[in-house]
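Heads up, upload05.cif below (mmCIF, C-alpha atoms):
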```cif
data_run
loop_
_atom_site.label_atom_id
_atom_site.label_comp_id
_atom_site.auth_asym_id
_atom_site.auth_seq_id
_atom_site.Cartn_x
_atom_site.Cartn_y
_atom_site.Cartn_z
CA MET A 20 0.00 0.00 0.00
CA GLU A 21 2.89 2.35 0.75
CA GLU A 22 4.17 1.90 -2.80
CA GLU A 23 0.76 2.83 -4.21
CA LYS A 24 0.68 6.01 -2.11
CA PHE A 25 4.20 6.83 -3.24
CA ILE A 26 3.31 6.35 -6.92
CA ALA A 27 0.15 8.45 -6.53
CA GLU A 28 2.17 11.25 -4.94
CA VAL A 29 4.84 11.11 -7.66
CA LEU A 30 2.17 11.27 -10.37
CA ALA A 31 0.42 14.18 -8.66
CA ARG A 32 3.69 16.09 -8.45
CA ALA A 33 4.61 15.27 -12.04
CA LEU A 34 1.26 16.53 -13.35
CA SER A 35 1.40 19.78 -11.38
CA PRO A 36 2.64 23.04 -12.96
CA GLU A 37 5.82 22.69 -10.90
CA GLY A 38 6.32 19.13 -12.19
CA GLU A 39 5.85 20.24 -15.77
CA ALA A 40 8.38 23.05 -15.25
CA LEU A 41 10.89 20.61 -13.76
CA ALA A 42 10.39 18.23 -16.69
CA GLU A 43 10.92 21.05 -19.20
CA ALA A 44 14.11 22.10 -17.37
CA ALA A 45 15.39 18.51 -17.34
CA ILE A 46 14.70 18.16 -21.06
CA ALA A 47 16.48 21.45 -21.76
CA ARG A 48 19.52 20.28 -19.74
CA GLN A 49 19.60 16.97 -21.59
CA ASN A 50 19.30 18.68 -24.98
CA GLU A 51 22.16 21.02 -24.04
CA LYS A 52 24.34 18.07 -23.04
CA ILE A 53 23.55 16.31 -26.31
CA ALA A 54 24.41 19.47 -28.27
CA ASN A 55 27.71 19.78 -26.38
CA GLY A 56 28.56 16.10 -26.92
CA GLU A 57 28.39 15.42 -23.17
CA PHE A 58 25.50 12.96 -23.27
CA VAL A 59 26.42 9.31 -23.10
CA GLU A 60 23.72 6.77 -23.83
CA LEU A 61 23.64 3.95 -21.32
CA LYS A 62 23.63 0.43 -22.63
CA GLU A 63 22.25 -2.58 -20.79
CA GLN A 64 25.73 -3.50 -19.54
CA ASP A 65 26.13 0.00 -18.07
CA ILE A 66 23.30 -0.73 -15.65
CA MET A 67 25.79 -2.86 -13.72
CA LYS A 68 28.08 0.16 -13.31
CA VAL A 69 25.35 2.53 -12.17
CA LEU A 70 23.04 0.35 -10.09
CA LYS A 71 23.38 -2.69 -7.85
CA VAL A 72 22.03 -5.39 -10.14
CA SER A 73 21.63 -7.92 -7.34
CA TYR A 74 19.05 -5.55 -5.82
CA ILE A 75 17.15 -5.32 -9.12
CA ALA A 76 17.30 -9.09 -9.66
CA GLU A 77 16.04 -9.89 -6.18
CA ARG A 78 13.45 -7.12 -5.76
CA PHE A 79 11.84 -7.17 -9.19
CA PHE A 80 12.51 -10.66 -10.55
CA GLY A 81 13.05 -12.84 -7.48
CA LYS A 82 16.27 -14.05 -9.12
CA SER A 83 20.00 -14.02 -8.35
CA ARG A 84 22.66 -11.52 -9.33
CA SER A 85 24.23 -14.06 -11.67
CA TRP A 86 20.91 -14.54 -13.50
CA ILE A 87 20.55 -10.86 -14.37
CA THR A 88 24.28 -10.49 -15.10
CA HIS A 89 24.12 -13.28 -17.68
CA LYS A 90 21.14 -11.57 -19.31
CA LEU A 91 22.76 -8.11 -19.34
CA ASN A 92 26.03 -9.48 -20.75
CA HIS A 93 24.26 -11.72 -23.28
CA ASP A 94 26.41 -14.63 -22.07
CA ILE A 95 26.39 -17.72 -24.27
CA LYS A 96 24.08 -20.46 -23.00
CA LYS A 97 24.77 -24.19 -23.23
CA ASN A 98 22.84 -24.35 -26.51
CA GLY A 99 25.29 -21.84 -28.05
CA LYS A 100 22.81 -18.95 -28.20
CA PRO A 101 23.30 -15.70 -26.29
CA ASP A 102 21.22 -15.31 -23.15
CA ASP A 103 18.78 -12.43 -23.37
CA PHE A 104 15.66 -11.12 -21.70
CA THR A 105 12.32 -12.38 -22.95
CA PRO A 106 9.95 -9.60 -24.08
CA GLU A 107 8.14 -9.94 -20.74
CA GLU A 108 11.41 -9.73 -18.76
CA ARG A 109 12.50 -6.73 -20.84
CA GLN A 110 9.21 -4.97 -20.01
CA LYS A 111 9.65 -5.85 -16.33
CA LEU A 112 13.21 -4.46 -16.40
CA LYS A 113 11.93 -1.26 -17.99
CA GLU A 114 9.30 -0.90 -15.27
CA ALA A 115 11.88 -1.66 -12.56
CA LEU A 116 14.21 1.05 -13.85
CA GLU A 117 11.31 3.50 -14.05
CA THR A 118 10.40 2.70 -10.44
CA ILE A 119 13.99 3.19 -9.31
CA ALA A 120 14.17 6.47 -11.25
CA LEU A 121 11.05 7.75 -9.48
CA GLU A 122 12.46 6.68 -6.12
CA ILE A 123 15.73 8.50 -6.84
CA MET A 124 13.87 11.63 -7.94
CA SER A 125 11.88 11.53 -4.71
CA LEU A 126 15.12 11.28 -2.78
CA VAL A 127 16.56 14.21 -4.74
CA ASP A 128 13.48 16.29 -3.89
CA ASP A 129 14.04 15.60 -0.20
CA ILE A 130 17.69 16.72 -0.21
#
```
Mind converting the file's structure to structure tokens?
Amino acid sequence: MEEEKFIAEVLARALSPEGEALAEAAIARQNEKIANGEFVELKEQDIMKVLKVSYIAERFFGKSRSWITHKLNHDIKKNGKPDDFTPEERQKLKEALETIALEIMSLVDDI
């Protein structure tokens, strides 16, 4: 229930005039970085450098760190094919990263 309240609060803030202004400012900063060549696009493997993947694997997938690491690195499976996320797992990873992003933004707001 706490998570639902948190999500509702984040959405309310995001849809407010202040939230829209913050989004516009963030987009402007990102566009400026892209124009200056400062923007670096993260790849799946970069997630391991930025976030603790064991936390993501356990919290959102109920799996081990090695499971998600194999998927992110596209390690070769026993059948000779690279390991990859299924479309459902890829969607779940996207949602997990969005959740973490919202949680980080909430933390930033409180600093």
Long-range neighbours of A:Tyr74 as JSON, numbers by chain, 12 Å cut-off, only C-alpha atoms, 2 positions minimum in chain: {"A": [66, 67, 70, 71, 72, 76, 77, 78, 79, 80, 81, 82, 83, 84, 85, 86, 87, 88, 115, 116, 119]}
Atom pair atom CA of A:Asp129 / atom CA of A:Ser73: separation (Å): 25.7 Å
Chain and number of each residue from the PyMOL selection byres ((chain A and resi 125) around 12), as a list in words: Phe25, Ile26, Glu28, Val29, Leu30, Arg32, Ala33, Thr118, Ile119, Ala120, Leu121, Glu122, Ile123, Met124, Leu126, Val127, Asp128, Asp129 and Ile130 of chain A
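Computed from the coordinates, the atom CA of A:Phe104 to atom CA of A:Leu91 distance equals 8.1 Å.
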Using the incomplete input, complete stretch 90-119 of chain A to the level of N, CA and C atoms; output as a PDB file, in the coordinates of the input.
```pdb
ATOM      1  N   LYS A  90      22.064 -12.196 -18.361  1.00  0.00           N
ATOM      2  CA  LYS A  90      21.140 -11.570 -19.310  1.00  0.00           C
ATOM      3  C   LYS A  90      21.706 -10.256 -19.838  1.00  0.00           C
ATOM      4  N   LEU A  91      22.230  -9.424 -18.930  1.00  0.00           N
ATOM      5  CA  LEU A  91      22.760  -8.110 -19.340  1.00  0.00           C
ATOM      6  C   LEU A  91      23.992  -8.243 -20.226  1.00  0.00           C
ATOM      7  N   ASN A  92      24.810  -9.268 -19.963  1.00  0.00           N
ATOM      8  CA  ASN A  92      26.030  -9.480 -20.750  1.00  0.00           C
ATOM      9  C   ASN A  92      25.803 -10.309 -22.007  1.00  0.00           C
ATOM     10  N   HIS A  93      24.589 -10.841 -22.155  1.00  0.00           N
ATOM     11  CA  HIS A  93      24.260 -11.720 -23.280  1.00  0.00           C
ATOM     12  C   HIS A  93      25.230 -12.914 -23.330  1.00  0.00           C
ATOM     13  N   ASP A  94      25.510 -13.475 -22.146  1.00  0.00           N
ATOM     14  CA  ASP A  94      26.410 -14.630 -22.070  1.00  0.00           C
ATOM     15  C   ASP A  94      25.866 -15.775 -22.924  1.00  0.00           C
ATOM     16  N   ILE A  95      26.765 -16.596 -23.420  1.00  0.00           N
ATOM     17  CA  ILE A  95      26.390 -17.720 -24.270  1.00  0.00           C
ATOM     18  C   ILE A  95      25.862 -18.855 -23.384  1.00  0.00           C
ATOM     19  N   LYS A  96      24.682 -19.349 -23.734  1.00  0.00           N
ATOM     20  CA  LYS A  96      24.080 -20.460 -23.000  1.00  0.00           C
ATOM     21  C   LYS A  96      24.649 -21.779 -23.508  1.00  0.00           C
ATOM     22  N   LYS A  97      24.282 -22.860 -22.849  1.00  0.00           N
ATOM     23  CA  LYS A  97      24.770 -24.190 -23.230  1.00  0.00           C
ATOM     24  C   LYS A  97      24.384 -24.566 -24.660  1.00  0.00           C
ATOM     25  N   ASN A  98      23.262 -24.027 -25.152  1.00  0.00           N
ATOM     26  CA  ASN A  98      22.840 -24.350 -26.510  1.00  0.00           C
ATOM     27  C   ASN A  98      23.558 -23.497 -27.567  1.00  0.00           C
ATOM     28  N   GLY A  99      24.503 -22.645 -27.131  1.00  0.00           N
ATOM     29  CA  GLY A  99      25.290 -21.840 -28.050  1.00  0.00           C
ATOM     30  C   GLY A  99      24.675 -20.503 -28.405  1.00  0.00           C
ATOM     31  N   LYS A 100      23.475 -20.223 -27.911  1.00  0.00           N
ATOM     32  CA  LYS A 100      22.810 -18.950 -28.200  1.00  0.00           C
ATOM     33  C   LYS A 100      23.044 -17.979 -27.055  1.00  0.00           C
ATOM     34  N   PRO A 101      23.110 -16.680 -27.362  1.00  0.00           N
ATOM     35  CA  PRO A 101      23.300 -15.700 -26.290  1.00  0.00           C
ATOM     36  C   PRO A 101      22.063 -15.612 -25.392  1.00  0.00           C
ATOM     37  N   ASP A 102      22.314 -15.476 -24.111  1.00  0.00           N
ATOM     38  CA  ASP A 102      21.220 -15.310 -23.150  1.00  0.00           C
ATOM     39  C   ASP A 102      20.685 -13.897 -23.291  1.00  0.00           C
ATOM     40  N   ASP A 103      19.398 -13.751 -23.234  1.00  0.00           N
ATOM     41  CA  ASP A 103      18.780 -12.430 -23.370  1.00  0.00           C
ATOM     42  C   ASP A 103      17.472 -12.434 -22.600  1.00  0.00           C
ATOM     43  N   PHE A 104      16.950 -11.252 -22.363  1.00  0.00           N
ATOM     44  CA  PHE A 104      15.660 -11.120 -21.700  1.00  0.00           C
ATOM     45  C   PHE A 104      14.551 -11.504 -22.668  1.00  0.00           C
ATOM     46  N   THR A 105      13.518 -12.157 -22.149  1.00  0.00           N
ATOM     47  CA  THR A 105      12.320 -12.380 -22.950  1.00  0.00           C
ATOM     48  C   THR A 105      11.620 -11.024 -23.083  1.00  0.00           C
ATOM     49  N   PRO A 106      10.684 -10.880 -23.996  1.00  0.00           N
ATOM     50  CA  PRO A 106       9.950  -9.600 -24.080  1.00  0.00           C
ATOM     51  C   PRO A 106       9.286  -9.227 -22.748  1.00  0.00           C
ATOM     52  N   GLU A 107       8.771 -10.206 -22.036  1.00  0.00           N
ATOM     53  CA  GLU A 107       8.140  -9.940 -20.740  1.00  0.00           C
ATOM     54  C   GLU A 107       9.174  -9.471 -19.711  1.00  0.00           C
ATOM     55  N   GLU A 108      10.341 -10.125 -19.691  1.00  0.00           N
ATOM     56  CA  GLU A 108      11.410  -9.730 -18.760  1.00  0.00           C
ATOM     57  C   GLU A 108      11.931  -8.342 -19.112  1.00  0.00           C
ATOM     58  N   ARG A 109      12.035  -8.045 -20.403  1.00  0.00           N
ATOM     59  CA  ARG A 109      12.500  -6.730 -20.840  1.00  0.00           C
ATOM     60  C   ARG A 109      11.518  -5.646 -20.372  1.00  0.00           C
ATOM     61  N   GLN A 110      10.218  -5.916 -20.480  1.00  0.00           N
ATOM     62  CA  GLN A 110       9.210  -4.970 -20.010  1.00  0.00           C
ATOM     63  C   GLN A 110       9.311  -4.790 -18.496  1.00  0.00           C
ATOM     64  N   LYS A 111       9.520  -5.893 -17.784  1.00  0.00           N
ATOM     65  CA  LYS A 111       9.650  -5.850 -16.330  1.00  0.00           C
ATOM     66  C   LYS A 111      10.891  -5.053 -15.928  1.00  0.00           C
ATOM     67  N   LEU A 112      11.995  -5.219 -16.664  1.00  0.00           N
ATOM     68  CA  LEU A 112      13.210  -4.460 -16.400  1.00  0.00           C
ATOM     69  C   LEU A 112      12.960  -2.971 -16.633  1.00  0.00           C
ATOM     70  N   LYS A 113      12.264  -2.659 -17.697  1.00  0.00           N
ATOM     71  CA  LYS A 113      11.930  -1.260 -17.990  1.00  0.00           C
ATOM     72  C   LYS A 113      11.130  -0.656 -16.838  1.00  0.00           C
ATOM     73  N   GLU A 114      10.125  -1.381 -16.371  1.00  0.00           N
ATOM     74  CA  GLU A 114       9.300  -0.900 -15.270  1.00  0.00           C
ATOM     75  C   GLU A 114      10.112  -0.785 -13.975  1.00  0.00           C
ATOM     76  N   ALA A 115      11.031  -1.712 -13.757  1.00  0.00           N
ATOM     77  CA  ALA A 115      11.880  -1.660 -12.560  1.00  0.00           C
ATOM     78  C   ALA A 115      12.754  -0.415 -12.589  1.00  0.00           C
ATOM     79  N   LEU A 116      13.350  -0.128 -13.738  1.00  0.00           N
ATOM     80  CA  LEU A 116      14.210   1.050 -13.850  1.00  0.00           C
ATOM     81  C   LEU A 116      13.400   2.337 -13.705  1.00  0.00           C
ATOM     82  N   GLU A 117      12.180   2.335 -14.222  1.00  0.00           N
ATOM     83  CA  GLU A 117      11.310   3.500 -14.050  1.00  0.00           C
ATOM     84  C   GLU A 117      10.979   3.703 -12.577  1.00  0.00           C
ATOM     85  N   THR A 118      10.690   2.620 -11.874  1.00  0.00           N
ATOM     86  CA  THR A 118      10.400   2.700 -10.440  1.00  0.00           C
ATOM     87  C   THR A 118      11.595   3.245  -9.677  1.00  0.00           C
ATOM     88  N   ILE A 119      12.774   2.729  -9.978  1.00  0.00           N
ATOM     89  CA  ILE A 119      13.990   3.190  -9.310  1.00  0.00           C
ATOM     90  C   ILE A 119      14.236   4.665  -9.625  1.00  0.00           C
TER      91      ILE A 119
END
```
